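Asker: What follows is protein_24.csv; its format and atoms are CSV, C-alpha atoms and all ligand atoms.
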```csv
chain,number,residue,atom,x,y,z
A,1,MET,CA,-10.2,5.6,27.4
A,2,SER,CA,-8.2,8.6,26.3
A,3,SER,CA,-10.0,11.3,24.4
A,4,PRO,CA,-9.6,11.1,20.6
A,5,PRO,CA,-6.6,13.0,19.4
A,6,THR,CA,-7.0,16.0,17.2
A,7,HIS,CA,-6.1,15.0,13.7
A,8,LEU,CA,-6.6,16.4,10.3
A,9,MET,CA,-8.5,14.1,7.9
A,10,GLU,CA,-7.0,14.8,4.5
A,11,LEU,CA,-8.9,12.8,1.9
A,12,PRO,CA,-8.5,12.5,-1.9
A,13,ARG,CA,-10.8,15.1,-3.5
A,14,GLU,CA,-11.6,13.1,-6.7
A,15,ILE,CA,-11.3,9.5,-7.5
A,16,LEU,CA,-12.0,8.3,-11.0
A,17,ILE,CA,-12.2,4.5,-11.7
A,18,GLY,CA,-13.1,2.8,-15.0
A,19,ASP,CA,-12.0,1.2,-18.2
A,20,GLY,CA,-9.9,3.6,-20.3
A,21,VAL,CA,-10.1,6.5,-17.9
A,22,ILE,CA,-6.4,7.2,-18.6
A,23,SER,CA,-7.7,9.1,-21.7
A,24,LYS,CA,-9.4,11.5,-19.2
A,25,LEU,CA,-6.2,12.4,-17.4
A,26,GLY,CA,-6.2,16.0,-18.9
A,27,SER,CA,-9.8,16.8,-17.9
A,28,PHE,CA,-9.2,15.2,-14.5
A,29,ILE,CA,-6.3,17.5,-13.8
A,30,THR,CA,-8.2,20.6,-15.1
A,31,ASP,CA,-11.2,19.7,-12.9
A,32,LEU,CA,-8.9,19.7,-9.9
A,33,ASP,CA,-7.4,23.0,-10.8
A,34,GLU,CA,-8.5,24.9,-14.0
A,35,SER,CA,-5.4,27.1,-13.9
A,36,ALA,CA,-3.0,24.2,-14.0
A,37,SER,CA,-0.5,24.4,-16.9
A,38,LYS,CA,2.6,22.3,-16.0
A,39,ILE,CA,2.6,18.7,-15.0
A,40,ALA,CA,5.6,16.6,-13.8
A,41,ILE,CA,5.1,12.9,-14.2
A,42,ILE,CA,7.2,10.4,-12.2
A,43,THR,CA,7.1,6.9,-13.6
A,44,GLY,CA,9.2,3.8,-14.5
A,45,ASN,CA,10.5,3.0,-17.9
A,46,ASN,CA,8.1,0.1,-18.6
A,47,VAL,CA,5.1,2.0,-17.6
A,48,LYS,CA,6.1,5.0,-19.7
A,49,THR,CA,6.3,2.7,-22.7
A,50,ARG,CA,2.9,1.1,-21.8
A,51,ALA,CA,0.9,4.2,-20.8
A,52,GLY,CA,3.0,7.2,-21.7
A,53,ALA,CA,1.4,8.0,-25.1
A,54,ALA,CA,-2.2,7.9,-23.7
A,55,CYS,CA,-1.2,10.2,-20.9
A,56,LYS,CA,0.6,12.6,-23.2
A,57,SER,CA,-2.2,12.9,-25.7
A,58,SER,CA,-4.8,13.5,-22.9
A,59,LEU,CA,-2.7,16.2,-21.3
A,60,PHE,CA,-2.0,17.8,-24.7
A,61,GLU,CA,-5.7,18.0,-25.4
A,62,TYR,CA,-6.1,20.2,-22.3
A,63,SER,CA,-3.0,22.3,-23.1
A,64,LEU,CA,-1.1,20.8,-20.2
A,65,GLN,CA,2.7,20.9,-20.6
A,66,ASP,CA,4.2,17.6,-19.4
A,67,SER,CA,7.7,16.7,-18.2
A,68,TRP,CA,8.7,13.1,-17.6
A,69,TYR,CA,11.0,11.7,-14.9
A,70,ILE,CA,12.0,8.1,-14.3
A,71,ALA,CA,12.2,6.9,-10.7
A,72,ASP,CA,15.2,4.6,-10.3
A,73,ASP,CA,14.2,3.0,-7.0
A,74,ALA,CA,12.1,3.7,-4.0
A,75,SER,CA,14.9,5.5,-2.0
A,76,MET,CA,15.4,8.9,-0.6
A,77,ASN,CA,18.4,9.2,-2.9
A,78,SER,CA,15.9,9.0,-5.9
A,79,VAL,CA,13.6,11.5,-4.2
A,80,ASN,CA,16.4,14.0,-3.6
A,81,LYS,CA,17.6,13.7,-7.2
A,82,LEU,CA,14.0,14.2,-8.5
A,83,GLN,CA,13.4,17.1,-6.2
A,84,THR,CA,16.4,18.9,-7.5
A,85,ARG,CA,15.5,18.3,-11.1
A,86,ILE,CA,11.8,19.1,-10.8
A,87,ARG,CA,12.1,22.1,-8.5
A,88,ASN,CA,13.0,24.7,-11.1
A,89,SER,CA,10.2,23.8,-13.5
A,90,ILE,CA,7.7,24.7,-10.8
A,91,PRO,CA,4.9,22.2,-11.8
A,92,ASP,CA,1.3,22.7,-10.7
A,93,PHE,CA,0.9,19.0,-10.1
A,94,ILE,CA,3.0,15.9,-9.7
A,95,ILE,CA,1.6,12.7,-11.1
A,96,GLY,CA,2.8,9.3,-9.8
A,97,LEU,CA,2.2,6.9,-12.6
A,98,GLY,CA,3.1,3.3,-12.0
A,99,GLY,CA,3.2,0.6,-9.4
A,100,GLY,CA,4.2,0.9,-5.7
A,101,ARG,CA,7.6,2.3,-6.3
A,102,SER,CA,6.7,5.2,-8.7
A,103,VAL,CA,3.7,6.3,-6.7
A,104,ASP,CA,5.7,6.2,-3.4
A,105,VAL,CA,8.6,8.2,-4.9
A,106,ALA,CA,6.2,10.7,-6.5
A,107,LYS,CA,4.3,11.1,-3.2
A,108,MET,CA,7.4,11.8,-1.3
A,109,THR,CA,8.8,14.2,-4.0
A,110,ALA,CA,5.5,16.0,-4.1
A,111,PHE,CA,5.5,16.4,-0.3
A,112,LYS,CA,9.1,17.7,-0.4
A,113,LEU,CA,8.2,20.2,-3.1
A,114,ASN,CA,4.8,21.1,-1.5
A,115,LYS,CA,2.9,20.2,-4.6
A,116,PRO,CA,-0.4,18.3,-5.0
A,117,LEU,CA,-0.1,14.7,-6.1
A,118,VAL,CA,-2.3,12.7,-8.4
A,119,SER,CA,-1.9,9.0,-8.1
A,120,VAL,CA,-2.3,6.9,-11.3
A,121,PRO,CA,-1.7,3.3,-10.3
A,122,THR,CA,-0.9,0.8,-13.0
A,123,SER,CA,-1.1,-2.2,-10.7
A,124,ALA,CA,-3.5,-3.0,-7.8
A,125,SER,CA,-0.7,-4.2,-5.6
A,126,HIS,CA,-0.9,-2.1,-2.4
A,127,ASP,CA,-3.0,0.5,-0.5
A,128,GLY,CA,-0.6,3.4,-0.9
A,129,ILE,CA,-2.6,4.4,-4.0
A,130,SER,CA,-4.9,6.7,-1.9
A,131,SER,CA,-3.2,6.9,1.5
A,132,PRO,CA,-0.8,9.5,2.8
A,133,PHE,CA,1.8,6.8,3.7
A,134,VAL,CA,5.0,5.9,1.9
A,135,SER,CA,7.7,3.3,2.2
A,136,ILE,CA,11.0,4.7,1.2
A,137,ARG,CA,14.5,3.4,1.8
A,138,GLY,CA,17.1,5.7,3.3
A,139,ILE,CA,14.9,7.5,5.9
A,140,ASP,CA,15.6,7.0,9.6
A,141,LYS,CA,12.4,5.0,10.1
A,142,PRO,CA,12.2,1.3,9.1
A,143,HIS,CA,8.4,1.6,8.4
A,144,SER,CA,6.1,3.8,6.3
A,145,VAL,CA,5.9,7.5,7.0
A,146,LYS,CA,3.1,10.0,6.6
A,147,VAL,CA,3.2,12.6,3.9
A,148,ASN,CA,0.3,14.3,2.1
A,149,THR,CA,-2.7,12.4,0.8
A,150,PRO,CA,-3.0,12.3,-3.0
A,151,ILE,CA,-5.5,15.0,-4.1
A,152,GLY,CA,-6.7,12.8,-6.9
A,153,VAL,CA,-6.7,9.1,-7.8
A,154,LEU,CA,-7.2,8.0,-11.4
A,155,ALA,CA,-7.4,4.2,-11.7
A,156,ASP,CA,-7.8,2.9,-15.2
A,157,THR,CA,-9.1,-0.7,-14.9
A,158,HIS,CA,-8.0,-1.6,-18.4
A,159,LEU,CA,-4.5,-0.5,-17.7
A,160,LEU,CA,-4.5,-2.2,-14.3
A,161,SER,CA,-5.7,-5.5,-15.9
A,162,GLN,CA,-2.5,-5.6,-18.0
A,163,ALA,CA,-0.3,-5.9,-15.0
A,164,PRO,CA,1.0,-9.3,-14.0
A,165,LEU,CA,-1.5,-11.3,-11.9
A,166,ARG,CA,1.2,-11.6,-9.2
A,167,LEU,CA,0.7,-7.9,-8.4
A,168,LEU,CA,-3.1,-8.3,-8.1
A,169,ALA,CA,-2.4,-11.3,-5.7
A,170,SER,CA,0.0,-9.0,-3.7
A,171,GLY,CA,-2.8,-6.4,-3.4
A,172,CYS,CA,-5.0,-9.1,-1.9
A,173,GLY,CA,-2.3,-9.9,0.6
A,174,ASP,CA,-2.2,-6.2,1.6
A,175,LEU,CA,-6.0,-6.3,2.0
A,176,VAL,CA,-6.4,-9.5,4.1
A,177,ALA,CA,-3.8,-7.8,6.4
A,178,LYS,CA,-6.5,-5.4,7.6
A,179,LEU,CA,-8.0,-8.3,9.6
A,180,THR,CA,-5.0,-8.5,11.9
A,181,ALA,CA,-4.3,-4.7,11.7
A,182,VAL,CA,-7.7,-3.9,13.0
A,183,LYS,CA,-7.4,-6.6,15.7
A,184,ASP,CA,-4.1,-5.1,16.8
A,185,TRP,CA,-5.7,-1.7,17.0
A,186,GLU,CA,-8.5,-3.1,19.1
A,187,LEU,CA,-5.9,-4.7,21.4
A,188,ALA,CA,-4.1,-1.3,21.7
A,189,ARG,CA,-7.4,0.3,22.6
A,190,ASP,CA,-8.2,-2.3,25.3
A,191,GLU,CA,-4.7,-2.7,26.8
A,192,THR,CA,-3.1,0.8,26.4
A,193,ASN,CA,-6.2,3.1,26.0
A,194,GLU,CA,-5.1,4.1,22.6
A,195,TYR,CA,-7.6,6.1,20.5
A,196,PHE,CA,-9.6,3.7,18.3
A,197,GLY,CA,-11.8,5.0,15.4
A,198,SER,CA,-14.6,2.6,14.8
A,199,TYR,CA,-15.6,4.0,11.5
A,200,ALA,CA,-12.0,3.8,10.1
A,201,ALA,CA,-11.6,0.3,11.6
A,202,ASN,CA,-14.8,-0.9,10.0
A,203,LEU,CA,-13.9,0.5,6.6
A,204,ALA,CA,-10.5,-1.2,6.7
A,205,TYR,CA,-12.2,-4.4,7.9
A,206,MET,CA,-14.7,-4.4,5.0
A,207,SER,CA,-11.9,-4.1,2.5
A,208,ALA,CA,-10.5,-7.3,3.8
A,209,LYS,CA,-13.9,-9.0,4.1
A,210,ILE,CA,-14.7,-8.5,0.4
A,211,ILE,CA,-11.5,-10.3,-0.5
A,212,LEU,CA,-12.3,-13.2,1.9
A,213,ASP,CA,-15.8,-13.5,0.5
A,214,ASP,CA,-15.0,-13.2,-3.2
A,215,SER,CA,-11.5,-14.7,-3.5
A,216,GLN,CA,-12.7,-17.5,-5.8
A,217,LYS,CA,-14.0,-14.9,-8.3
A,218,LEU,CA,-11.1,-12.5,-8.3
A,219,LEU,CA,-9.0,-14.1,-11.0
A,220,GLN,CA,-11.9,-14.4,-13.5
A,221,LYS,CA,-11.1,-12.6,-16.7
A,222,ASN,CA,-14.1,-10.3,-16.6
A,223,GLY,CA,-12.6,-7.3,-14.8
A,224,PHE,CA,-14.4,-8.1,-11.6
A,225,GLY,CA,-11.2,-8.9,-9.7
A,226,ILE,CA,-9.4,-5.7,-10.7
A,227,ARG,CA,-12.3,-3.5,-10.0
A,228,THR,CA,-13.0,-5.2,-6.6
A,229,VAL,CA,-9.3,-5.1,-5.5
A,230,VAL,CA,-8.6,-1.6,-6.6
A,231,GLU,CA,-11.7,-0.2,-5.0
A,232,ALA,CA,-10.9,-2.1,-1.8
A,233,LEU,CA,-7.3,-0.8,-1.8
A,234,ILE,CA,-8.5,2.8,-2.3
A,235,SER,CA,-11.1,2.3,0.5
A,236,ALA,CA,-8.4,1.0,2.8
A,237,GLY,CA,-6.2,4.0,2.0
A,238,VAL,CA,-9.1,6.3,2.8
A,239,ALA,CA,-9.6,4.4,6.1
A,240,ALA,CA,-6.0,5.4,7.0
A,241,CYS,CA,-6.8,9.0,6.0
A,242,ILE,CA,-9.8,9.0,8.3
A,243,ALA,CA,-7.9,7.5,11.2
A,244,GLY,CA,-5.1,10.0,10.7
A,245,SER,CA,-2.6,7.1,11.0
A,246,SER,CA,-1.9,3.8,9.3
A,247,ARG,CA,-3.4,2.0,12.3
A,248,PRO,CA,-6.4,0.5,10.5
A,249,CYS,CA,-4.2,-0.8,7.7
A,250,SER,CA,-1.0,-1.8,9.3
A,251,GLY,CA,-0.3,-4.0,12.4
A,252,ALA,CA,2.1,-6.7,13.4
A,253,GLU,CA,1.9,-8.3,10.0
A,254,HIS,CA,3.3,-5.1,8.5
A,255,LEU,CA,6.0,-4.9,11.1
A,256,PHE,CA,6.9,-8.5,10.3
A,257,SER,CA,7.2,-7.5,6.6
A,258,HIS,CA,9.4,-4.5,7.4
A,259,ALA,CA,11.6,-6.8,9.5
A,260,LEU,CA,11.9,-9.3,6.6
A,261,GLU,CA,13.0,-6.5,4.3
A,262,TYR,CA,15.6,-5.5,6.8
A,263,ILE,CA,16.8,-9.1,7.4
A,264,ALA,CA,16.5,-10.6,3.9
A,265,GLY,CA,17.4,-7.5,1.8
A,266,GLN,CA,15.5,-6.5,-1.3
A,267,ASN,CA,14.9,-9.9,-2.7
A,268,CYS,CA,12.2,-11.1,-0.4
A,269,GLY,CA,9.0,-11.0,-2.4
A,270,LEU,CA,6.5,-8.2,-2.9
A,271,HIS,CA,5.0,-6.0,-0.1
A,272,GLY,CA,1.6,-7.7,-0.1
A,273,GLU,CA,3.2,-11.2,-0.4
A,274,ARG,CA,5.3,-10.7,2.8
A,275,VAL,CA,2.3,-9.0,4.6
A,276,GLY,CA,0.1,-12.0,3.6
A,277,LEU,CA,2.5,-14.4,5.3
A,278,GLY,CA,2.5,-12.2,8.3
A,279,THR,CA,-1.3,-12.0,8.4
A,280,ILE,CA,-1.5,-15.8,8.5
A,281,MET,CA,0.7,-16.0,11.6
A,282,MET,CA,-0.7,-13.0,13.4
A,283,ALA,CA,-4.2,-14.3,12.8
A,284,LYS,CA,-3.2,-17.5,14.6
A,285,LEU,CA,-1.9,-15.4,17.5
A,286,HIS,CA,-5.2,-13.4,17.6
A,287,GLY,CA,-7.3,-16.6,17.5
A,288,LEU,CA,-8.7,-15.7,14.1
A,289,ASN,CA,-9.6,-18.2,11.4
A,290,TRP,CA,-6.1,-18.4,9.8
A,291,GLU,CA,-7.1,-21.4,7.6
A,292,ARG,CA,-9.6,-19.1,5.8
A,293,ILE,CA,-6.9,-16.6,5.2
A,294,VAL,CA,-4.6,-19.3,3.8
A,295,LYS,CA,-7.4,-20.5,1.5
A,296,THR,CA,-8.1,-16.9,0.4
A,297,LEU,CA,-4.4,-16.3,-0.5
A,298,GLU,CA,-4.3,-19.6,-2.3
A,299,ASN,CA,-7.4,-18.8,-4.3
A,300,VAL,CA,-5.8,-15.6,-5.6
A,301,GLY,CA,-2.4,-17.2,-6.3
A,302,ALA,CA,-0.6,-15.4,-3.4
A,303,PRO,CA,2.1,-17.3,-1.5
A,304,THR,CA,1.3,-19.0,1.8
A,305,ASN,CA,4.7,-20.5,2.4
A,306,ALA,CA,8.1,-18.7,2.8
A,307,GLU,CA,9.8,-20.9,0.2
A,308,GLN,CA,7.5,-19.6,-2.5
A,309,ILE,CA,9.2,-16.2,-2.2
A,310,LYS,CA,12.6,-17.7,-1.5
A,311,LEU,CA,12.7,-17.1,2.2
A,312,ASN,CA,14.0,-19.6,4.7
A,313,GLU,CA,13.1,-20.7,8.2
A,314,ASP,CA,15.8,-18.6,9.9
A,315,GLN,CA,14.7,-15.4,8.2
A,316,ILE,CA,11.1,-15.9,9.2
A,317,VAL,CA,11.9,-16.6,12.8
A,318,LYS,CA,14.3,-13.7,13.1
A,319,SER,CA,11.7,-11.4,11.5
A,320,LEU,CA,9.1,-12.5,14.0
A,321,LEU,CA,11.5,-11.8,16.9
A,322,THR,CA,12.6,-8.4,15.7
A,323,ALA,CA,9.4,-7.0,14.1
A,324,GLN,CA,8.0,-5.3,17.2
A,325,SER,CA,11.4,-3.6,17.9
A,326,LEU,CA,11.1,-1.7,14.6
A,327,ARG,CA,8.2,0.3,16.1
A,328,PRO,CA,7.9,-0.1,19.8
A,329,ASP,CA,5.2,2.6,20.0
A,330,ARG,CA,2.8,0.6,17.9
A,331,TYR,CA,1.2,-1.9,20.4
A,332,THR,CA,0.4,-5.2,18.6
A,333,ILE,CA,-0.2,-8.8,19.5
A,334,LEU,CA,3.6,-9.2,19.4
A,335,SER,CA,4.0,-6.6,22.2
A,336,LYS,CA,1.6,-8.7,24.3
A,337,LEU,CA,2.8,-12.2,23.6
A,338,LYS,CA,6.6,-11.5,23.3
A,339,LEU,CA,7.6,-14.6,21.3
A,340,ASP,CA,10.9,-16.3,21.9
A,341,LYS,CA,12.8,-18.4,19.4
A,342,GLN,CA,11.0,-21.6,20.2
A,343,SER,CA,7.5,-20.1,20.1
A,344,ALA,CA,8.2,-18.2,16.9
A,345,LEU,CA,9.4,-21.3,15.2
A,346,GLU,CA,6.4,-23.3,16.5
A,347,LEU,CA,4.0,-20.5,15.3
A,348,ALA,CA,5.4,-20.4,11.8
A,349,LYS,CA,5.4,-24.2,11.5
A,350,SER,CA,1.9,-24.5,12.9
A,351,VAL,CA,0.4,-22.5,10.1
A,352,TYR,CA,2.8,-24.0,7.4
A,353,VAL,CA,4.5,-20.7,6.6
A,354,ILE,CA,7.7,-22.8,7.1
A,401,ZN,ZN,0.6,-2.5,3.2
```
Represent the structure from my file as structure tokens, please.
Ligand SMILES: [Zn+2]
Answerer:
Amino acid sequence: MSSPPTHLMELPREILIGDGVISKLGSFITDLDESASKIAIITGNNVKTRAGAACKSSLFEYSLQDSWYIADDASMNSVNKLQTRIRNSIPDFIIGLGGGRSVDVAKMTAFKLNKPLVSVPTSASHDGISSPFVSIRGIDKPHSVKVNTPIGVLADTHLLSQAPLRLLASGCGDLVAKLTAVKDWELARDETNEYFGSYAANLAYMSAKIILDDSQKLLQKNGFGIRTVVEALISAGVAACIAGSSRPCSGAEHLFSHALEYIAGQNCGLHGERVGLGTIMMAKLHGLNWERIVKTLENVGAPTNAEQIKLNEDQIVKSLLTAQSLRPDRYTILSKLKLDKQSALELAKSVYVI
């Protein structure tokens, strides 16, 4: 086996989770840097309406001057525009307040401006909350890229509980994906001598296992689901920080999801929904218990069939066939098995994705 590569483990420094912690945003920022005075907040219109006032009053309490910016979409175009607008105000921190899109745009903008980022998720929908990885359209890579890890994560479980359940289900899809991502990583270790970090792999695996074990309880209206899913997502993101790559969190099921975005355009479900479908199929290829993954996704209300997110047979098969070509350097079960049209069709049908 090749010796472990040298890599920097950049971890979030503070993570605050709890009901109503949005009211502690000001003290959270001051704890991270007591000399901070200017904050730039990147968010979406709906989230600003929902959480803006609470953020503002908490920042005001700590004499932090706030400027607000709306992210139009998760594209480099948005990042470039924001970078130009924010640059001159020289903020001490950038806050990404919102779902996947705002946090991703804020993360990339903070990276470009070389400013620390605080991630304030308003939905438990994907593991980018705490990881250094972003998915942005308009860069030369059709998969996520590495930037800086958020220095702080503030997850208000009350705020998160107000998000549509579909987003929570999508988060569960992104978590069960760690089962096949870790299997792909093991495969790369065994077949190509790639560096494999057991600790990071186990941490990512545990974040999937808790969803498998507790899927029947996650939708109960007692806050258990939100807390469990957001902690698992943060933990999975930290696993990627420790690995120094997205390996523990992202394998062939993510490549399949990226291929779907490429083939079906923007209207192809949420990240975790696509990844969930990919996980069912890759689990079958790995010889894992794919029925249990289907049951888990059903229990949390996530799609298990392409039609549920308006995708057709042709798009699924094409995505299975092109997924690996999006990232040839990432060895996965698709590199090993090299599906053709017939076997891809048979795979998707055998697990009822189509
Ligand atoms: Zn993901």
Asker: With all atoms listed in the file as the counted atoms, please give the residues lying no more than 7 Å from A:Cys241, apart from itself and same-chain residues fewer than 2 positions off, as a PDB file with C-alpha atoms, in the coordinates of the input.
Answerer:
```
ATOM      1  CA  MET A   9      -8.500  14.100   7.900  1.00  0.00           C
ATOM      2  CA  GLU A  10      -7.000  14.800   4.500  1.00  0.00           C
ATOM      3  CA  LEU A  11      -8.900  12.800   1.900  1.00  0.00           C
ATOM      4  CA  SER A 131      -3.200   6.900   1.500  1.00  0.00           C
ATOM      5  CA  PRO A 132      -0.800   9.500   2.800  1.00  0.00           C
ATOM      6  CA  GLY A 237      -6.200   4.000   2.000  1.00  0.00           C
ATOM      7  CA  VAL A 238      -9.100   6.300   2.800  1.00  0.00           C
ATOM      8  CA  ALA A 239      -9.600   4.400   6.100  1.00  0.00           C
ATOM      9  CA  ALA A 243      -7.900   7.500  11.200  1.00  0.00           C
ATOM     10  CA  GLY A 244      -5.100  10.000  10.700  1.00  0.00           C
ATOM     11  CA  SER A 245      -2.600   7.100  11.000  1.00  0.00           C
TER      12      SER A 245
END
```
Asker: Measuring atom to atom with all atoms listed in the file, identify which of A:His126, A:Lys81, A:Lys318, A:Lys115 is nearest to ligand ZN 401 (chain A).
Answerer: A:His126
Asker: Sorted by chain and rising residue number, which residues of chain A lie within 10 Å of ligand ZN 401 (chain A), and what are their closest atom pairs and distances in Å to one decimal, counting all atoms listed in the file, as JSON lines?
Answerer:
```
{"residue": "A:Ser125", "atom": "CA", "partner": "A:ZN401", "partner_atom": "ZN", "distance": 9.1}
{"residue": "A:His126", "atom": "CA", "partner": "A:ZN401", "partner_atom": "ZN", "distance": 5.8}
{"residue": "A:Asp127", "atom": "CA", "partner": "A:ZN401", "partner_atom": "ZN", "distance": 6.0}
{"residue": "A:Gly128", "atom": "CA", "partner": "A:ZN401", "partner_atom": "ZN", "distance": 7.3}
{"residue": "A:Phe133", "atom": "CA", "partner": "A:ZN401", "partner_atom": "ZN", "distance": 9.4}
{"residue": "A:Val134", "atom": "CA", "partner": "A:ZN401", "partner_atom": "ZN", "distance": 9.6}
{"residue": "A:Ser135", "atom": "CA", "partner": "A:ZN401", "partner_atom": "ZN", "distance": 9.2}
{"residue": "A:Ser144", "atom": "CA", "partner": "A:ZN401", "partner_atom": "ZN", "distance": 8.9}
{"residue": "A:Ser170", "atom": "CA", "partner": "A:ZN401", "partner_atom": "ZN", "distance": 9.5}
{"residue": "A:Gly171", "atom": "CA", "partner": "A:ZN401", "partner_atom": "ZN", "distance": 8.4}
{"residue": "A:Gly173", "atom": "CA", "partner": "A:ZN401", "partner_atom": "ZN", "distance": 8.4}
{"residue": "A:Asp174", "atom": "CA", "partner": "A:ZN401", "partner_atom": "ZN", "distance": 4.9}
{"residue": "A:Leu175", "atom": "CA", "partner": "A:ZN401", "partner_atom": "ZN", "distance": 7.7}
{"residue": "A:Val176", "atom": "CA", "partner": "A:ZN401", "partner_atom": "ZN", "distance": 9.9}
{"residue": "A:Ala177", "atom": "CA", "partner": "A:ZN401", "partner_atom": "ZN", "distance": 7.6}
{"residue": "A:Lys178", "atom": "CA", "partner": "A:ZN401", "partner_atom": "ZN", "distance": 8.8}
{"residue": "A:Leu233", "atom": "CA", "partner": "A:ZN401", "partner_atom": "ZN", "distance": 9.5}
{"residue": "A:Ala236", "atom": "CA", "partner": "A:ZN401", "partner_atom": "ZN", "distance": 9.7}
{"residue": "A:Gly237", "atom": "CA", "partner": "A:ZN401", "partner_atom": "ZN", "distance": 9.5}
{"residue": "A:Ser246", "atom": "CA", "partner": "A:ZN401", "partner_atom": "ZN", "distance": 9.1}
{"residue": "A:Cys249", "atom": "CA", "partner": "A:ZN401", "partner_atom": "ZN", "distance": 6.8}
{"residue": "A:Ser250", "atom": "CA", "partner": "A:ZN401", "partner_atom": "ZN", "distance": 6.3}
{"residue": "A:Gly251", "atom": "CA", "partner": "A:ZN401", "partner_atom": "ZN", "distance": 9.4}
{"residue": "A:Glu253", "atom": "CA", "partner": "A:ZN401", "partner_atom": "ZN", "distance": 9.0}
{"residue": "A:His254", "atom": "CA", "partner": "A:ZN401", "partner_atom": "ZN", "distance": 6.5}
{"residue": "A:Leu255", "atom": "CA", "partner": "A:ZN401", "partner_atom": "ZN", "distance": 9.9}
{"residue": "A:Ser257", "atom": "CA", "partner": "A:ZN401", "partner_atom": "ZN", "distance": 9.0}
{"residue": "A:His258", "atom": "CA", "partner": "A:ZN401", "partner_atom": "ZN", "distance": 10.0}
{"residue": "A:His271", "atom": "CA", "partner": "A:ZN401", "partner_atom": "ZN", "distance": 6.5}
{"residue": "A:Gly272", "atom": "CA", "partner": "A:ZN401", "partner_atom": "ZN", "distance": 6.2}
{"residue": "A:Glu273", "atom": "CA", "partner": "A:ZN401", "partner_atom": "ZN", "distance": 9.8}
{"residue": "A:Arg274", "atom": "CA", "partner": "A:ZN401", "partner_atom": "ZN", "distance": 9.5}
{"residue": "A:Val275", "atom": "CA", "partner": "A:ZN401", "partner_atom": "ZN", "distance": 6.9}
{"residue": "A:Gly276", "atom": "CA", "partner": "A:ZN401", "partner_atom": "ZN", "distance": 9.5}
```
Asker: Write to file, as a PDB file, in the frame of the given file, the residues of the selection just made, with C-alpha atoms.
Answerer:
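Written output follows (selection.pdb):
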```pdb
ATOM      1  CA  SER A 125      -0.700  -4.200  -5.600  1.00  0.00           C
ATOM      2  CA  HIS A 126      -0.900  -2.100  -2.400  1.00  0.00           C
ATOM      3  CA  ASP A 127      -3.000   0.500  -0.500  1.00  0.00           C
ATOM      4  CA  GLY A 128      -0.600   3.400  -0.900  1.00  0.00           C
ATOM      5  CA  PHE A 133       1.800   6.800   3.700  1.00  0.00           C
ATOM      6  CA  VAL A 134       5.000   5.900   1.900  1.00  0.00           C
ATOM      7  CA  SER A 135       7.700   3.300   2.200  1.00  0.00           C
ATOM      8  CA  SER A 144       6.100   3.800   6.300  1.00  0.00           C
ATOM      9  CA  SER A 170       0.000  -9.000  -3.700  1.00  0.00           C
ATOM     10  CA  GLY A 171      -2.800  -6.400  -3.400  1.00  0.00           C
ATOM     11  CA  GLY A 173      -2.300  -9.900   0.600  1.00  0.00           C
ATOM     12  CA  ASP A 174      -2.200  -6.200   1.600  1.00  0.00           C
ATOM     13  CA  LEU A 175      -6.000  -6.300   2.000  1.00  0.00           C
ATOM     14  CA  VAL A 176      -6.400  -9.500   4.100  1.00  0.00           C
ATOM     15  CA  ALA A 177      -3.800  -7.800   6.400  1.00  0.00           C
ATOM     16  CA  LYS A 178      -6.500  -5.400   7.600  1.00  0.00           C
ATOM     17  CA  LEU A 233      -7.300  -0.800  -1.800  1.00  0.00           C
ATOM     18  CA  ALA A 236      -8.400   1.000   2.800  1.00  0.00           C
ATOM     19  CA  GLY A 237      -6.200   4.000   2.000  1.00  0.00           C
ATOM     20  CA  SER A 246      -1.900   3.800   9.300  1.00  0.00           C
ATOM     21  CA  CYS A 249      -4.200  -0.800   7.700  1.00  0.00           C
ATOM     22  CA  SER A 250      -1.000  -1.800   9.300  1.00  0.00           C
ATOM     23  CA  GLY A 251      -0.300  -4.000  12.400  1.00  0.00           C
ATOM     24  CA  GLU A 253       1.900  -8.300  10.000  1.00  0.00           C
ATOM     25  CA  HIS A 254       3.300  -5.100   8.500  1.00  0.00           C
ATOM     26  CA  LEU A 255       6.000  -4.900  11.100  1.00  0.00           C
ATOM     27  CA  SER A 257       7.200  -7.500   6.600  1.00  0.00           C
ATOM     28  CA  HIS A 258       9.400  -4.500   7.400  1.00  0.00           C
ATOM     29  CA  HIS A 271       5.000  -6.000  -0.100  1.00  0.00           C
ATOM     30  CA  GLY A 272       1.600  -7.700  -0.100  1.00  0.00           C
ATOM     31  CA  GLU A 273       3.200 -11.200  -0.400  1.00  0.00           C
ATOM     32  CA  ARG A 274       5.300 -10.700   2.800  1.00  0.00           C
ATOM     33  CA  VAL A 275       2.300  -9.000   4.600  1.00  0.00           C
ATOM     34  CA  GLY A 276       0.100 -12.000   3.600  1.00  0.00           C
TER      35      GLY A 276
END
```
Asker: Rounded to one decimal place, report the atom CA of A:Leu160-atom CA of A:Ile226 distance in Å.
Answerer: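 Between atom CA of A:Leu160 and atom CA of A:Ile226 the gap works out to 7.0 Å.
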Asker: Of the candidates A:Ile22, A:Val79, A:Ala259, A:Leu285, which one gets nearest to A:Pro142 if we count all atoms listed in the file?
Answerer: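 Distance minimum relative to A:Pro142 lands on A:Ala259.
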Asker: May I ask for the distance between atom CA of A:Val182 and atom CA of A:Pro248, given in Å to one decimal place?
Answerer: 5.2 Å
Asker: For each of A:Ala200, A:Ile94, A:Val147, A:Val230, take the minimum atom-to-atom distance to A:Pro116, counting only C-alpha atoms, then give the residue where this is smallest.
Answerer: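 Result for the nearest residue to A:Pro116: A:Ile94.
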Asker: Return the single residue from A:Lys295, A:His286, A:Lys310, A:Arg85 that is closest to A:Lys336, with distances computed using only C-alpha atoms.
Answerer: A:His286
